[in-house]
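Novice: Have a look at this one.
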Amino acid sequence: MELRELKYFLAVAREQSISKAAEAALTTQPNLSRQMQNLEKEIGQQLFIRGTKKITLTEAGQLLRKRAEEIIELYNKTEAELNAPITNISGDIYIGGGESYVMGLIAKAARSVQRDYPNVKFHLFSGDSGTVSERLDKGLIDFGIFIEPFDVSKYDYIRLPFYDTWGVLMRKDSPLVEKENISPEDLWDKPLILSRQAHGKNMISKWFRKDMEELNVVATGNLLYNMSLLVKEGVGYAVCLDKIIRTDGNSNLCFRPLYPELISHLDISWKKYQVFPKCAEIFLKRLKEIMN
């Protein structure tokens, strides 16, 4: 399986047409058709459903598309690192993490690097811990920001000098708005909106003193902004981290911390025995300086 074949395959998957894919890939239709037939023969499975109007992917084709995109992305990242001039610090730094105000610390370190090395570029990926961990393991990102209770023991990591506070995002006309903090009993009979990171975690379950199956979870999500829209519409109460959604000014939302207090520390992690490009080494050094 060659890189060229994967690029051709992705062109067909994207265009859903041999003729359009051949045009996009700057090759001929017969050559592209032959390449795809060879690819199916090599894999030993059918990748395409060839309809009269468009080409769609089989289940095996969908899996190959996901892996091919990751392979091409990793190839491009490696090529950029190898081609970066040695005498002039440049390159790309890839960072993945969930939503947290602590990302402001990462932003300060990034600004410090770019001030001295303007050819260094940063690429941020947002996702839950599982998705970020998968991309870190595959080398698609250089650093991952993980929120407790995610286990970072398989990585090298630094604990960031801040923590996130868990609480409840609710409408200002909620009956719980008069409370300074929210106890488990306050939420036992309420419709709940949970982040996928929190859902199923023992830390949250222990705080509730109930199994998740006993709670009225009406929605889950991985981006708090989208979850906040559900809160605004009165769908439920979002159990989430503080300082992500603005609740001041004209917002009709408010945040109340949990009691007993529930906090999560954050770690910036990278693969053990990782050989960083120079720009990533500089970023990590600047981050440590800012932390100190």
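Residue numbering restarts at 1 for every chain of the structure tokens, chains are lettered A, B, ... in their displayed order, and ligands are numbered from 1 as they appear.
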Can you tell me, as a PyMOL selection string, which residues in stretch 7-146 of chain A count as alpha helix (DSSP H) by DSSP?
Specialist: chain A and resi 7-15+18-24+29-43+59-83+103-116+129-137
Novice: Would you return as a list in words the members of stretch 178-237 of chain A that DSSP assigns to strand (DSSP E) on this structure's backbone?
Specialist: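 The residues of stretch 178-237 of chain A classed as strand (DSSP E) are Leu192, Ile193, Leu194, Ser195, Val217, Val218, Ala219, Thr220, Gly221 and Tyr237 of chain A.
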Novice: I need the chosen residues saved as a compact mmCIF listing (two decimals), in the first residue's frame, with C-alpha atoms.
Specialist:
# COMPACT_ATOMS: atom_id res chain seq x y z
CA LEU A 192 -28.70 16.63 33.86
CA ILE A 193 -26.42 17.48 30.95
CA LEU A 194 -22.99 15.89 31.34
CA SER A 195 -19.77 16.20 29.40
CA VAL A 217 -29.05 12.28 32.35
CA VAL A 218 -30.98 13.83 29.47
CA ALA A 219 -28.00 14.83 27.28
CA THR A 220 -24.23 14.50 26.92
CA GLY A 221 -21.71 16.42 24.87
CA TYR A 237 -28.50 21.51 34.27
Novice: Compile the contact shell of stretch 32-48 of chain A as a PyMOL selection string: residues with an atom at most 12 Å away, counting only C-alpha atoms, same-chain residues fewer than 4 positions apart removed.
Specialist: chain A and resi 1-13+16-28+54-65
Novice: List the spatial neighbours of A:Gly98 as number ranges by chain - criterion: any atom at most 7 Å away, only C-alpha atoms, same-chain residues fewer than 5 positions off excluded.
Specialist: A: 126-129, 145
Novice: Any idea what's packed within 7 Å of A:Val113, counting only C-alpha atoms, ignoring anything in its chain fewer than 4 positions away? Could you give it as a list in words?
Specialist: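 Residues meeting the cut-off are Ala109, Tyr117 and Phe283 of chain A.
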Novice: Would you pick out the contacts of A:Thr247 at 10 Å or less, using only C-alpha atoms, so that residues sharing its chain but fewer than 5 positions from it are not included, and give the list as a ChimeraX atom specification?
Specialist: /A:169-172,252-255
Novice: Write the residues of the preceding selection, restricted to N, CA, C and O atoms, as an mmCIF file, in the first residue's frame.
Specialist:
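selection-v6.cif, freshly written:
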data_model
loop_
_atom_site.group_PDB
_atom_site.id
_atom_site.type_symbol
_atom_site.label_atom_id
_atom_site.label_comp_id
_atom_site.auth_asym_id
_atom_site.auth_seq_id
_atom_site.Cartn_x
_atom_site.Cartn_y
_atom_site.Cartn_z
ATOM 1 N N LEU A 169 -23.876 24.655 35.563
ATOM 2 C CA LEU A 169 -24.297 25.766 34.716
ATOM 3 C C LEU A 169 -25.808 25.691 34.596
ATOM 4 O O LEU A 169 -26.356 24.654 34.202
ATOM 5 N N MET A 170 -26.498 26.792 34.954
ATOM 6 C CA MET A 170 -27.964 26.788 34.967
ATOM 7 C C MET A 170 -28.502 28.134 34.522
ATOM 8 O O MET A 170 -27.768 29.131 34.442
ATOM 9 N N ARG A 171 -29.778 28.169 34.250
ATOM 10 C CA ARG A 171 -30.439 29.430 33.936
ATOM 11 C C ARG A 171 -30.588 30.264 35.209
ATOM 12 O O ARG A 171 -30.698 29.730 36.309
ATOM 13 N N LYS A 172 -30.611 31.592 35.034
ATOM 14 C CA LYS A 172 -30.737 32.480 36.183
ATOM 15 C C LYS A 172 -32.129 32.461 36.796
ATOM 16 O O LYS A 172 -32.319 32.967 37.905
ATOM 17 N N ASN A 252 -28.066 34.892 30.385
ATOM 18 C CA ASN A 252 -29.132 34.398 31.255
ATOM 19 C C ASN A 252 -28.721 33.125 31.992
ATOM 20 O O ASN A 252 -29.547 32.404 32.519
ATOM 21 N N LEU A 253 -27.391 32.885 32.021
ATOM 22 C CA LEU A 253 -26.856 31.711 32.699
ATOM 23 C C LEU A 253 -26.046 32.110 33.926
ATOM 24 O O LEU A 253 -25.547 33.237 34.022
ATOM 25 N N CYS A 254 -25.914 31.190 34.855
ATOM 26 C CA CYS A 254 -25.059 31.399 36.018
ATOM 27 C C CYS A 254 -24.393 30.075 36.374
ATOM 28 O O CYS A 254 -24.824 29.000 35.939
ATOM 29 N N PHE A 255 -23.334 30.147 37.141
ATOM 30 C CA PHE A 255 -22.564 28.967 37.542
ATOM 31 C C PHE A 255 -22.498 28.903 39.061
ATOM 32 O O PHE A 255 -22.276 29.921 39.713
#
Novice: Check the smallest atom-to-atom distance from each of A:Asn292, A:Met203, A:Ser174, A:Pro260 to A:Glu233 using only C-alpha atoms, then report the winner.
Specialist: A:Ser174
Novice: Within 12 Å of stretch 261-279 of chain A, which residues of stretch 33-82 of chain A show up? Give each one with its shortest atom-to-atom distance in Å (one decimal) and the two atoms involved, counting only C-alpha atoms, rows by chain then rising residue number, as a tab-separated table.
Specialist:
residue	atom	partner	partner_atom	distance
A:Lys77	CA	A:Pro277	CA	10.9
A:Thr78	CA	A:Pro277	CA	9.8
A:Glu79	CA	A:Pro277	CA	11.7
A:Ala80	CA	A:Pro277	CA	10.2
A:Glu81	CA	A:Pro277	CA	6.6
A:Leu82	CA	A:Pro277	CA	8.6
Novice: Return the single residue from A:Phe162, A:Phe143, A:Phe122, A:Trp207 that is closest to A:Val102, with distances computed using only C-alpha atoms.
Specialist: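 That would be A:Phe162, the residue with the smallest distance to A:Val102.
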